[in-house]
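> Below: one structure in structure tokens.
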Amino acid sequence: MTTHEPGVYVDAKGKKTFVPLENNPEVFTDLVHRLGVSSQLGFHDVYSIDDPDLLAFVPRPVHALIFISPADVYGRVRAKDGGTKALTYDGCGEHEPIVWFQQTIGHSCGLMALIHSVANGPAKRFVLDNSLIDNLLKEAIPQKPVPRAAVLYNSAELEKAHMASAYKGDSVAPSSEEPNGYHFISFVKGKNGHLYELEGGWNGPIDLGAIAEDEDCLSERALELGVRRYVKEAQGNMEFSIVALATKPESETSVNGH
């Protein structure tokens, strides 16, 4: 009999479900460090995608963006995209331009966004050797999407790390049995220089098109290809938020240590 961390719920069909992560850069940063990403990386709130003064607070370059979308906005964007939730992606191996995981753990879209953010692009260089996430990626990347997802699903250490961070937020963590009305979506740059939208509840990675070599995930073109698609469909719903994964400024790193 499998023993799960406190707060994890297993439904009648046997599906494991987590307490959702709070939309909080401190919680995200805590979890990626628990997974085995260097303390040189951290998450930062993005308070505006239009105001240069507010954008200046975000360290650059930005390795990944996580966009948290209300379900109705997400639904309108996906309706225009076409396609289906049914798995269609069949990629595997180091030749993939992007690493994508199908989400099979309930309420784990925040965790999936974090994993997608550190498994791709410049952030992957900050994954520590023989750490939890390093070992999971080494086991998962050679495999097709279904067995790849099982690597995460079956990891007791991943469950432990997630639950430890889920209870660190400022608000009361919801029950794993409560419905979750938000989608966590990661925007990252692939090996081919294209921007990708990654969300484990869809049928695979979404190729949004090429961005220049010197453009990061918070560049104007990346925003136009990615986040602004959702903003345009918001119809007055301003409940979305954005966090950026970036290398910490040297002054902050020296204070907090390595």
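Each chain in the structure tokens gets a letter, A, B, ..., in the order shown, and its residues are numbered from 1; ligands are numbered from 1 in order too.
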What are the closest atom pairs, with distances in Å to one decimal, for each residue of segment 22-126 of chain A lying within 10 Å of segment 140-144 of chain A, using only C-alpha atoms, rows by chain and rising residue number, as a Markdown table?


```
| residue | atom | partner | partner_atom | distance |
| --- | --- | --- | --- | --- |
| A:Tyr89 | CA | A:Lys144 | CA | 8.8 |
| A:Asp90 | CA | A:Lys144 | CA | 6.1 |
| A:Gly91 | CA | A:Lys144 | CA | 6.1 |
| A:Cys92 | CA | A:Lys144 | CA | 5.1 |
| A:Gly93 | CA | A:Pro142 | CA | 4.2 |
| A:Glu94 | CA | A:Ile141 | CA | 6.8 |
| A:His95 | CA | A:Pro142 | CA | 9.6 |
| A:Glu96 | CA | A:Ile141 | CA | 9.0 |
| A:Val99 | CA | A:Ile141 | CA | 7.2 |
| A:Trp100 | CA | A:Ile141 | CA | 8.8 |
| A:Phe101 | CA | A:Ala140 | CA | 9.0 |
| A:Ala119 | CA | A:Ile141 | CA | 9.7 |
```

> Please extract the residues of segment 7-255 of chain A with a backbone DSSP assignment of alpha helix (DSSP H) and present them as a PyMOL selection string.

chain A and resi 25-35+52-55+71-81+109-118+132-140+145-153+156-166+220-225+227-232+250-255

> Compile the contact shell of segment 186-189 of chain A as a ChimeraX atom specification: residues with an atom at most 9 Å away, counting only C-alpha atoms, same-chain residues fewer than 6 positions apart removed.

/A:63-68,97-98,112-114,116-117,120-122,195-199,210-211,216-217,222,226-227

> With N, CA and C atoms kept, could you save the residues just selected as a CSV table (one decimal), in the first residue's frame?


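Final output, saved to part-v7.csv:
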```csv
chain,number,residue,atom,x,y,z
A,63,HIS,N,14.3,33.5,-18.4
A,63,HIS,CA,14.4,32.2,-18.9
A,63,HIS,C,13.1,31.5,-19.3
A,64,ALA,N,12.1,31.9,-18.5
A,64,ALA,CA,10.7,31.3,-18.7
A,64,ALA,C,9.7,32.3,-18.1
A,65,LEU,N,8.5,32.3,-18.6
A,65,LEU,CA,7.4,32.9,-18.0
A,65,LEU,C,6.3,31.9,-17.6
A,66,ILE,N,5.7,32.1,-16.5
A,66,ILE,CA,4.6,31.3,-16.1
A,66,ILE,C,3.4,32.3,-16.0
A,67,PHE,N,2.4,31.9,-16.8
A,67,PHE,CA,1.2,32.8,-16.9
A,67,PHE,C,0.0,32.0,-16.3
A,68,ILE,N,-0.7,32.6,-15.3
A,68,ILE,CA,-1.8,32.0,-14.6
A,68,ILE,C,-3.0,32.6,-15.2
A,97,PRO,N,13.0,19.5,-29.7
A,97,PRO,CA,13.3,21.0,-29.5
A,97,PRO,C,12.8,21.5,-28.2
A,98,ILE,N,11.9,20.7,-27.6
A,98,ILE,CA,11.3,21.1,-26.3
A,98,ILE,C,11.0,19.9,-25.5
A,112,MET,N,3.7,21.4,-13.0
A,112,MET,CA,4.1,21.1,-14.4
A,112,MET,C,4.7,22.3,-15.0
A,113,ALA,N,4.2,23.5,-14.7
A,113,ALA,CA,4.7,24.7,-15.3
A,113,ALA,C,6.1,25.0,-14.8
A,114,LEU,N,6.4,24.7,-13.5
A,114,LEU,CA,7.8,24.8,-13.0
A,114,LEU,C,8.7,23.8,-13.7
A,116,HIS,N,8.4,22.4,-16.6
A,116,HIS,CA,8.6,22.8,-18.0
A,116,HIS,C,9.6,24.0,-18.1
A,117,SER,N,9.5,24.9,-17.1
A,117,SER,CA,10.3,26.1,-17.1
A,117,SER,C,11.8,25.8,-16.9
A,120,ASN,N,13.8,23.3,-19.8
A,120,ASN,CA,14.1,23.8,-21.2
A,120,ASN,C,14.8,25.2,-21.1
A,121,GLY,N,15.4,25.5,-22.3
A,121,GLY,CA,16.0,26.8,-22.4
A,121,GLY,C,17.2,27.0,-21.5
A,122,PRO,N,17.6,28.3,-21.2
A,122,PRO,CA,18.8,28.5,-20.4
A,122,PRO,C,18.7,28.0,-19.0
A,195,LEU,N,9.5,30.0,-29.6
A,195,LEU,CA,8.8,30.1,-28.3
A,195,LEU,C,7.7,29.0,-28.3
A,196,TYR,N,7.7,28.3,-27.1
A,196,TYR,CA,6.7,27.3,-26.9
A,196,TYR,C,5.8,27.6,-25.8
A,197,GLU,N,4.5,27.2,-25.9
A,197,GLU,CA,3.5,27.3,-24.8
A,197,GLU,C,3.4,25.8,-24.3
A,198,LEU,N,3.6,25.6,-23.0
A,198,LEU,CA,3.6,24.3,-22.5
A,198,LEU,C,2.6,24.2,-21.4
A,199,GLU,N,1.7,23.3,-21.5
A,199,GLU,CA,0.6,23.1,-20.5
A,199,GLU,C,0.3,21.6,-20.6
A,210,ALA,N,9.2,31.5,-34.2
A,210,ALA,CA,10.5,31.9,-33.9
A,210,ALA,C,10.7,33.2,-33.2
A,211,ILE,N,11.6,33.3,-32.2
A,211,ILE,CA,12.0,34.6,-31.7
A,211,ILE,C,13.5,34.7,-31.9
A,216,ASP,N,14.5,37.3,-25.2
A,216,ASP,CA,14.1,36.4,-24.1
A,216,ASP,C,12.6,36.2,-24.1
A,217,CYS,N,12.1,35.5,-23.0
A,217,CYS,CA,10.7,35.2,-22.9
A,217,CYS,C,9.9,36.4,-22.5
A,222,ALA,N,8.0,37.9,-27.9
A,222,ALA,CA,7.6,36.7,-27.1
A,222,ALA,C,6.2,37.0,-26.5
A,226,GLY,N,2.8,35.0,-27.1
A,226,GLY,CA,2.3,34.2,-26.0
A,226,GLY,C,1.2,34.9,-25.2
A,227,VAL,N,1.7,35.7,-24.2
A,227,VAL,CA,0.8,36.2,-23.1
A,227,VAL,C,-0.3,37.1,-23.7
```

> Nearest residue to Arg125 of chain A out of A:Gly36, A:Glu224, A:Thr17, A:Thr29, using only C-alpha atoms?

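Closest to Arg125 of chain A of all the choices is A:Gly36.
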
> Which residues come within 12 Å of Gly75 of chain A, counting only C-alpha atoms, excluding same-chain residues fewer than 2 positions away, as an mmCIF file with N, CA and C atoms, in the first residue's frame?


```
data_model
loop_
_atom_site.group_PDB
_atom_site.id
_atom_site.type_symbol
_atom_site.label_atom_id
_atom_site.label_comp_id
_atom_site.auth_asym_id
_atom_site.auth_seq_id
_atom_site.Cartn_x
_atom_site.Cartn_y
_atom_site.Cartn_z
ATOM 1 N N SER A 69 -3.820 31.743 -15.841
ATOM 2 C CA SER A 69 -5.008 32.205 -16.558
ATOM 3 C C SER A 69 -6.287 31.693 -15.913
ATOM 4 N N PRO A 70 -7.304 32.560 -15.770
ATOM 5 C CA PRO A 70 -8.627 32.070 -15.369
ATOM 6 C C PRO A 70 -9.142 31.067 -16.404
ATOM 7 N N ALA A 71 -9.942 30.126 -15.955
ATOM 8 C CA ALA A 71 -10.395 29.047 -16.832
ATOM 9 C C ALA A 71 -11.173 29.555 -18.038
ATOM 10 N N ASP A 72 -11.978 30.617 -17.865
ATOM 11 C CA ASP A 72 -12.774 31.084 -18.995
ATOM 12 C C ASP A 72 -11.898 31.710 -20.084
ATOM 13 N N VAL A 73 -10.871 32.442 -19.675
ATOM 14 C CA VAL A 73 -9.950 33.036 -20.654
ATOM 15 C C VAL A 73 -9.181 31.933 -21.372
ATOM 16 N N VAL A 77 -9.084 31.041 -25.579
ATOM 17 C CA VAL A 77 -7.860 30.919 -26.374
ATOM 18 C C VAL A 77 -7.778 29.544 -27.014
ATOM 19 N N ARG A 78 -8.049 28.504 -26.238
ATOM 20 C CA ARG A 78 -7.970 27.147 -26.772
ATOM 21 C C ARG A 78 -9.015 26.910 -27.870
ATOM 22 N N ALA A 79 -10.182 27.520 -27.729
ATOM 23 C CA ALA A 79 -11.215 27.364 -28.760
ATOM 24 C C ALA A 79 -10.736 27.930 -30.092
ATOM 25 N N LYS A 80 -9.984 29.028 -30.051
ATOM 26 C CA LYS A 80 -9.445 29.608 -31.281
ATOM 27 C C LYS A 80 -8.277 28.787 -31.832
ATOM 28 N N ASP A 81 -7.537 28.138 -30.927
ATOM 29 C CA ASP A 81 -6.422 27.302 -31.364
ATOM 30 C C ASP A 81 -6.906 26.069 -32.115
ATOM 31 N N GLY A 82 -8.093 25.583 -31.727
ATOM 32 C CA GLY A 82 -8.539 24.304 -32.243
ATOM 33 C C GLY A 82 -7.802 23.171 -31.530
ATOM 34 N N GLY A 83 -7.971 21.978 -31.991
ATOM 35 C CA GLY A 83 -7.301 20.855 -31.349
ATOM 36 C C GLY A 83 -8.132 20.267 -30.237
ATOM 37 N N THR A 84 -7.505 19.436 -29.439
ATOM 38 C CA THR A 84 -8.200 18.672 -28.422
ATOM 39 C C THR A 84 -7.280 18.408 -27.242
ATOM 40 N N LYS A 85 -7.868 18.029 -26.112
ATOM 41 C CA LYS A 85 -7.060 17.638 -24.957
ATOM 42 C C LYS A 85 -6.455 16.252 -25.129
ATOM 43 N N GLY A 181 -9.851 26.649 -10.527
ATOM 44 C CA GLY A 181 -10.346 27.396 -11.681
ATOM 45 C C GLY A 181 -9.280 28.121 -12.479
ATOM 46 N N TYR A 182 -8.020 27.729 -12.344
ATOM 47 C CA TYR A 182 -6.937 28.430 -13.038
ATOM 48 C C TYR A 182 -6.035 27.438 -13.760
ATOM 49 N N HIS A 183 -5.400 27.940 -14.814
ATOM 50 C CA HIS A 183 -4.433 27.148 -15.567
ATOM 51 C C HIS A 183 -3.064 27.829 -15.483
ATOM 52 N N TRP A 202 -3.009 19.847 -22.196
ATOM 53 C CA TRP A 202 -3.336 19.922 -23.610
ATOM 54 C C TRP A 202 -2.752 18.708 -24.319
ATOM 55 N N ARG A 229 -1.952 36.904 -26.286
ATOM 56 C CA ARG A 229 -3.098 36.141 -26.811
ATOM 57 C C ARG A 229 -4.170 36.000 -25.738
ATOM 58 N N TYR A 230 -3.725 35.803 -24.511
ATOM 59 C CA TYR A 230 -4.669 35.643 -23.398
ATOM 60 C C TYR A 230 -5.256 36.983 -22.959
ATOM 61 N N GLU A 233 -8.119 38.030 -24.987
ATOM 62 C CA GLU A 233 -9.349 37.266 -24.772
ATOM 63 C C GLU A 233 -9.916 37.445 -23.361
ATOM 64 N N ALA A 234 -9.311 38.329 -22.569
ATOM 65 C CA ALA A 234 -9.707 38.455 -21.164
ATOM 66 C C ALA A 234 -11.106 39.033 -20.993
#
```

> Counting only C-alpha atoms, which residue out of A:Asp50, A:Ile206, A:Ile115, A:Gly200 sits closest to Arg228 of chain A?

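Closest to Arg228 of chain A, using only C-alpha atoms: A:Asp50.
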
> Interatomic distance between atom CA of Lys138 of chain A and atom CA of Val118 of chain A?

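Atom-to-atom, atom CA of Lys138 of chain A and atom CA of Val118 of chain A are spaced 13.3 Å apart.
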
> Show me, as a list in words, the residues that have an atom within 8 Å of His4 of chain A when counting only C-alpha atoms, minus same-chain residues fewer than 4 positions from it.

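Everything that qualifies: Val8, Ala156 and Glu159 of chain A.
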
> Find, counting only C-alpha atoms, the residue in A:Ala123, A:Leu35, A:Leu54, A:Val243 that gets nearest to Ile185 of chain A.

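So, comparing all the options, the nearest one is A:Val243.
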
> For Ser108 of chain A, which residue among A:Gly14, A:Pro249, A:Gly201, A:Gly236 is the nearest when counting only C-alpha atoms?

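Among the listed residues, the smallest separation from Ser108 of chain A belongs to A:Gly201.
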
> DSSP on the backbone: what in segment 13-246 of chain A comes out strand (DSSP E), as a ChimeraX atom specification?

/A:16-17,41-46,62-70,182-189,194-198,206-210,241-246

> Record the distance separating atom CA of Leu158 of chain A and atom CA of Pro61 of chain A, expressed in Å with one decimal.

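If I compute the distance from atom CA of Leu158 of chain A to atom CA of Pro61 of chain A, I get 27.9 Å.
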
> What gap, in Å, lies between atom CA of Gly209 of chain A and atom CA of His194 of chain A?

5.1 Å

> In terms of the shortest atom-to-atom distance over only C-alpha atoms, which of A:Glu139, A:Glu5, A:Glu250, A:Asp207 is closest to Met163 of chain A?

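Of the candidates, the smallest distance to Met163 of chain A is held by A:Glu5.
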
> Find the residues around Ile105 of chain A up to 8 Å (only C-alpha atoms counted), leave out those fewer than 4 positions away in its own chain, and share them as a PyMOL selection string.

chain A and resi 15-18+153

> Of the candidates A:Glu22, A:Glu157, A:Asp53, A:Glu220, which one gets nearest to Thr3 of chain A if we count only C-alpha atoms?

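Counting only C-alpha atoms, the residue closest to Thr3 of chain A is A:Glu157.
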